[in-house]
Amino acid sequence: MRLLIFGGNGFIGRNLSREISRSHEIISTDINFSQLNKIKKLDILDKEGVFKLIENFDPDVIINLAAKTDIDSKNLKDYSVNWQGPLNICNSIIELNRKIFFIHFSSMLVCKMGHIPKNMNEFFPDTAYGESKVKAEESLKKFKNYFPILILRPTTVWGKDAGKPY
């Protein structure tokens, strides 16, 4: 199986890439290059770069972890990578007419802390970051009839080499 990971230099991406590479062929990308973690430098906002990578590698699965994850800004535009990046991936899959399984990492912060949504269509963000993740999820819905999409909403994740959460 061939897997393509966007955001491979973050905490989840580093650990996931390390584990998956033991049994599958992977390419892991990130806006930040890392020789140590064998990360290919690619900005997910580079629509042409995303397209060419998907076209040339021809993955079976794409995992998107690329995102701006702080909650420092109040301006939704500061988090455009969170929705435009996934759109670049999905539009590339459609244009290439591929049936690729797409796994997108969203966030529990599509709802404010303490609010438990009744379903995946209920949103109640209280930060621009949360709003950006809602925008991504809403944007991805239009692609569900073309290829399989799984949206995950992890809570704060921590481990040995994890940085500061939100």
# chains A, B, ... in the order shown; residues from 1 in each chain; ligands from 1
>>> residues_around(residues="Leu140 in chain A", least_positions_apart="4", cutoff="8 Å", atoms="only C-alpha atoms", output="PDB file with N, CA, C and O atoms, in the first residue's frame")
ATOM      1  N   PRO A  86      -6.711  21.068   2.321  1.00  0.00           N
ATOM      2  CA  PRO A  86      -7.547  19.903   1.997  1.00  0.00           C
ATOM      3  C   PRO A  86      -8.260  20.048   0.650  1.00  0.00           C
ATOM      4  O   PRO A  86      -8.428  19.064  -0.073  1.00  0.00           O
ATOM      5  N   LEU A  87      -8.675  21.271   0.306  1.00  0.00           N
ATOM      6  CA  LEU A  87      -9.310  21.482  -0.998  1.00  0.00           C
ATOM      7  C   LEU A  87      -8.327  21.222  -2.136  1.00  0.00           C
ATOM      8  O   LEU A  87      -8.700  20.661  -3.167  1.00  0.00           O
ATOM      9  N   CYS A  90      -8.193  17.425  -2.479  1.00  0.00           N
ATOM     10  CA  CYS A  90      -9.420  16.873  -3.070  1.00  0.00           C
ATOM     11  C   CYS A  90      -9.571  17.259  -4.539  1.00  0.00           C
ATOM     12  O   CYS A  90      -9.948  16.414  -5.368  1.00  0.00           O
ATOM     13  N   ALA A 136     -13.210  23.600   6.789  1.00  0.00           N
ATOM     14  CA  ALA A 136     -12.620  22.453   6.090  1.00  0.00           C
ATOM     15  C   ALA A 136     -13.618  21.303   6.002  1.00  0.00           C
ATOM     16  O   ALA A 136     -13.827  20.730   4.923  1.00  0.00           O
ATOM     17  N   LYS A 144     -17.601  13.761  -1.030  1.00  0.00           N
ATOM     18  CA  LYS A 144     -17.875  12.422  -0.491  1.00  0.00           C
ATOM     19  C   LYS A 144     -18.474  11.452  -1.513  1.00  0.00           C
ATOM     20  O   LYS A 144     -18.390  10.249  -1.325  1.00  0.00           O
TER      21      LYS A 144
END
>>> residues_around(residues="range 127-129 of chain A", least_positions_apart="6", cutoff="10 Å", atoms="only C-alpha atoms", output="list in words")
Ala67, Lys68, Thr69, Asp70, Ile71, Asp72, Ser73, Lys74, Asn75, Leu76, Lys77, Asp78, Tyr79, Ser80, Asn82, Ser107, Leu109, Val110, Cys111, Lys112, Lys135 and Tyr166 of chain A
>>> residues_around(residues="range 51-53 of chain A", least_positions_apart="5", cutoff="12 Å", atoms="only C-alpha atoms", output="number ranges by chain")
A: 3-6, 26-29, 40-46, 58-59, 62, 85-98
>>> residues_around(residues="Leu16 in chain A", least_positions_apart="2", cutoff="12 Å", atoms="only C-alpha atoms", output="ChimeraX atom specification")
/A:3-14,18-24,26-28,37,63-65
>>> select_by_dssp(residues="range 71-148 of chain A", states="strand (DSSP E)", output="compact mmCIF listing (two decimals) with N, CA, C and O atoms, in the first residue's frame")
# COMPACT_ATOMS: atom_id res chain seq x y z
N PHE A 101 -8.36 6.86 -0.95
CA PHE A 101 -8.98 7.00 0.36
C PHE A 101 -8.32 8.19 1.06
O PHE A 101 -7.11 8.22 1.23
N PHE A 102 -9.13 9.18 1.42
CA PHE A 102 -8.62 10.42 2.01
C PHE A 102 -9.00 10.50 3.49
O PHE A 102 -10.18 10.44 3.83
N ILE A 103 -7.99 10.60 4.34
CA ILE A 103 -8.19 10.74 5.79
C ILE A 103 -7.77 12.15 6.17
O ILE A 103 -6.62 12.53 5.97
N HIS A 104 -8.71 12.90 6.69
CA HIS A 104 -8.45 14.30 7.07
C HIS A 104 -8.56 14.45 8.59
O HIS A 104 -9.57 14.07 9.18
N PHE A 105 -7.53 15.00 9.18
CA PHE A 105 -7.55 15.27 10.61
C PHE A 105 -8.11 16.66 10.86
O PHE A 105 -7.52 17.66 10.46
>>> atom_distance(atom1="CA of Phe57 in chain A", atom2="CA of Pro148 in chain A")
18.6 Å
>>> atom_distance(atom1="CA of Phe143 in chain A", atom2="CA of Ile100 in chain A")
11.6 Å
>>> closest_residue(among="A:Val134, A:Asp126, A:Ile54, A:Lys141", to="Gly114 in chain A", atoms="only C-alpha atoms")
A:Asp126
>>> select_by_dssp(residues="chain A", states="helix (DSSP H, G or I)", output="number ranges by chain")
A: 11-20, 47-57, 76-79, 81-96, 108-110, 128-143
>>> atom_distance(atom1="CA of Lys118 in chain A", atom2="CA of Val61 in chain A")
28.6 Å
>>> decode(residues="range 26-161 of chain A", atoms="C-alpha atoms", output="mmCIF file, in the first residue's frame")
data_model
loop_
_atom_site.group_PDB
_atom_site.id
_atom_site.type_symbol
_atom_site.label_atom_id
_atom_site.label_comp_id
_atom_site.auth_asym_id
_atom_site.auth_seq_id
_atom_site.Cartn_x
_atom_site.Cartn_y
_atom_site.Cartn_z
ATOM 1 C CA ILE A 26 5.154 6.264 2.155
ATOM 2 C CA ILE A 27 6.014 9.804 1.248
ATOM 3 C CA SER A 28 5.727 12.245 4.107
ATOM 4 C CA THR A 29 5.599 15.983 3.379
ATOM 5 C CA ASP A 30 5.641 19.137 5.439
ATOM 6 C CA ILE A 31 6.173 22.850 4.943
ATOM 7 C CA ASN A 32 9.213 22.372 7.193
ATOM 8 C CA PHE A 33 11.926 20.151 5.726
ATOM 9 C CA SER A 34 13.409 17.486 8.002
ATOM 10 C CA GLN A 35 16.304 15.289 6.880
ATOM 11 C CA LEU A 36 16.116 13.447 10.207
ATOM 12 C CA ASN A 37 12.484 12.413 9.691
ATOM 13 C CA LYS A 38 12.849 11.944 5.892
ATOM 14 C CA ILE A 39 10.301 14.666 5.213
ATOM 15 C CA LYS A 40 9.827 16.040 1.691
ATOM 16 C CA LYS A 41 9.379 19.824 1.742
ATOM 17 C CA LEU A 42 6.009 20.831 0.321
ATOM 18 C CA ASP A 43 3.570 23.559 1.274
ATOM 19 C CA ILE A 44 0.048 22.125 1.043
ATOM 20 C CA LEU A 45 -1.056 25.538 -0.253
ATOM 21 C CA ASP A 46 1.081 24.906 -3.368
ATOM 22 C CA LYS A 47 -1.759 23.582 -5.508
ATOM 23 C CA GLU A 48 0.500 22.576 -8.418
ATOM 24 C CA GLY A 49 3.005 20.880 -6.099
ATOM 25 C CA VAL A 50 0.237 18.908 -4.385
ATOM 26 C CA PHE A 51 -1.190 17.863 -7.764
ATOM 27 C CA LYS A 52 2.180 16.744 -9.152
ATOM 28 C CA LEU A 53 3.032 14.756 -6.024
ATOM 29 C CA ILE A 54 -0.301 12.918 -6.079
ATOM 30 C CA GLU A 55 -0.002 12.324 -9.825
ATOM 31 C CA ASN A 56 3.573 10.979 -9.640
ATOM 32 C CA PHE A 57 3.345 8.938 -6.413
ATOM 33 C CA ASP A 58 -0.173 7.586 -7.099
ATOM 34 C CA PRO A 59 -1.035 6.822 -3.446
ATOM 35 C CA ASP A 60 -3.774 4.469 -2.269
ATOM 36 C CA VAL A 61 -4.311 6.573 0.861
ATOM 37 C CA ILE A 62 -3.712 10.257 1.623
ATOM 38 C CA ILE A 63 -3.566 11.394 5.240
ATOM 39 C CA ASN A 64 -3.831 15.129 5.847
ATOM 40 C CA LEU A 65 -2.339 16.386 9.091
ATOM 41 C CA ALA A 66 -1.103 19.707 7.670
ATOM 42 C CA ALA A 67 -2.579 22.595 9.629
ATOM 43 C CA LYS A 68 -1.982 25.724 11.638
ATOM 44 C CA THR A 69 -2.953 24.493 15.097
ATOM 45 C CA ASP A 70 -2.497 27.398 17.491
ATOM 46 C CA ILE A 71 -5.431 29.416 18.796
ATOM 47 C CA ASP A 72 -3.555 32.720 18.954
ATOM 48 C CA SER A 73 -5.270 34.610 16.131
ATOM 49 C CA LYS A 74 -8.829 35.857 15.970
ATOM 50 C CA ASN A 75 -8.649 36.191 12.165
ATOM 51 C CA LEU A 76 -10.021 33.233 10.190
ATOM 52 C CA LYS A 77 -7.786 34.107 7.201
ATOM 53 C CA ASP A 78 -4.713 33.329 9.333
ATOM 54 C CA TYR A 79 -5.828 29.674 9.259
ATOM 55 C CA SER A 80 -6.485 29.378 5.500
ATOM 56 C CA VAL A 81 -4.113 26.390 5.292
ATOM 57 C CA ASN A 82 -6.664 24.438 7.349
ATOM 58 C CA TRP A 83 -9.298 24.510 4.607
ATOM 59 C CA GLN A 84 -7.448 25.460 1.415
ATOM 60 C CA GLY A 85 -4.901 22.654 1.830
ATOM 61 C CA PRO A 86 -7.547 19.903 1.997
ATOM 62 C CA LEU A 87 -9.310 21.482 -0.998
ATOM 63 C CA ASN A 88 -6.056 21.344 -2.973
ATOM 64 C CA ILE A 89 -5.798 17.628 -2.187
ATOM 65 C CA CYS A 90 -9.420 16.873 -3.070
ATOM 66 C CA ASN A 91 -9.394 18.919 -6.269
ATOM 67 C CA SER A 92 -6.230 17.092 -7.343
ATOM 68 C CA ILE A 93 -7.836 13.696 -6.692
ATOM 69 C CA ILE A 94 -10.878 14.720 -8.774
ATOM 70 C CA GLU A 95 -8.789 16.187 -11.605
ATOM 71 C CA LEU A 96 -6.663 13.032 -11.735
ATOM 72 C CA ASN A 97 -9.819 10.868 -11.598
ATOM 73 C CA ARG A 98 -8.371 8.671 -8.852
ATOM 74 C CA LYS A 99 -10.139 6.634 -6.184
ATOM 75 C CA ILE A 100 -7.900 7.484 -3.248
ATOM 76 C CA PHE A 101 -8.977 7.001 0.363
ATOM 77 C CA PHE A 102 -8.618 10.420 2.014
ATOM 78 C CA ILE A 103 -8.194 10.741 5.787
ATOM 79 C CA HIS A 104 -8.455 14.303 7.072
ATOM 80 C CA PHE A 105 -7.549 15.269 10.613
ATOM 81 C CA SER A 106 -9.872 17.964 11.913
ATOM 82 C CA SER A 107 -10.169 18.935 15.581
ATOM 83 C CA MET A 108 -12.454 18.559 18.545
ATOM 84 C CA LEU A 109 -12.394 22.376 18.607
ATOM 85 C CA VAL A 110 -15.045 22.510 15.876
ATOM 86 C CA CYS A 111 -17.046 22.824 19.090
ATOM 87 C CA LYS A 112 -16.007 24.905 22.077
ATOM 88 C CA MET A 113 -14.476 23.043 24.994
ATOM 89 C CA GLY A 114 -17.138 21.254 27.015
ATOM 90 C CA HIS A 115 -19.711 21.149 24.195
ATOM 91 C CA ILE A 116 -20.419 17.597 23.043
ATOM 92 C CA PRO A 117 -21.880 17.547 19.520
ATOM 93 C CA LYS A 118 -24.836 15.267 18.841
ATOM 94 C CA ASN A 119 -23.460 14.354 15.391
ATOM 95 C CA MET A 120 -20.728 15.205 12.879
ATOM 96 C CA ASN A 121 -22.814 18.048 11.436
ATOM 97 C CA GLU A 122 -23.094 20.010 14.673
ATOM 98 C CA PHE A 123 -20.526 22.775 15.095
ATOM 99 C CA PHE A 124 -20.048 25.322 17.860
ATOM 100 C CA PRO A 125 -16.521 26.799 17.573
ATOM 101 C CA ASP A 126 -15.348 29.650 19.753
ATOM 102 C CA THR A 127 -11.967 30.321 18.093
ATOM 103 C CA ALA A 128 -10.837 31.229 14.576
ATOM 104 C CA TYR A 129 -8.895 27.947 14.592
ATOM 105 C CA GLY A 130 -12.113 26.028 15.326
ATOM 106 C CA GLU A 131 -13.935 27.986 12.620
ATOM 107 C CA SER A 132 -11.207 27.063 10.131
ATOM 108 C CA LYS A 133 -11.661 23.376 10.908
ATOM 109 C CA VAL A 134 -15.439 23.729 10.473
ATOM 110 C CA LYS A 135 -14.835 25.383 7.098
ATOM 111 C CA ALA A 136 -12.620 22.453 6.090
ATOM 112 C CA GLU A 137 -15.176 19.840 7.122
ATOM 113 C CA GLU A 138 -17.984 21.688 5.341
ATOM 114 C CA SER A 139 -15.837 22.000 2.192
ATOM 115 C CA LEU A 140 -14.958 18.294 2.190
ATOM 116 C CA LYS A 141 -18.622 17.219 2.168
ATOM 117 C CA LYS A 142 -18.947 18.031 -1.537
ATOM 118 C CA PHE A 143 -16.347 15.364 -2.384
ATOM 119 C CA LYS A 144 -17.875 12.422 -0.491
ATOM 120 C CA ASN A 145 -19.616 11.068 -3.607
ATOM 121 C CA TYR A 146 -16.350 10.919 -5.586
ATOM 122 C CA PHE A 147 -13.968 9.080 -3.264
ATOM 123 C CA PRO A 148 -13.993 7.832 0.339
ATOM 124 C CA ILE A 149 -13.284 10.486 2.976
ATOM 125 C CA LEU A 150 -12.803 9.928 6.692
ATOM 126 C CA ILE A 151 -12.740 12.950 9.008
ATOM 127 C CA LEU A 152 -11.132 12.443 12.407
ATOM 128 C CA ARG A 153 -11.425 14.872 15.320
ATOM 129 C CA PRO A 154 -8.623 14.089 17.745
ATOM 130 C CA THR A 155 -8.463 15.626 21.176
ATOM 131 C CA THR A 156 -5.206 17.086 22.412
ATOM 132 C CA VAL A 157 -2.519 14.506 21.693
ATOM 133 C CA TRP A 158 0.620 14.266 23.787
ATOM 134 C CA GLY A 159 3.669 12.051 23.843
ATOM 135 C CA LYS A 160 7.427 11.898 24.315
ATOM 136 C CA ASP A 161 8.360 14.523 21.720
#
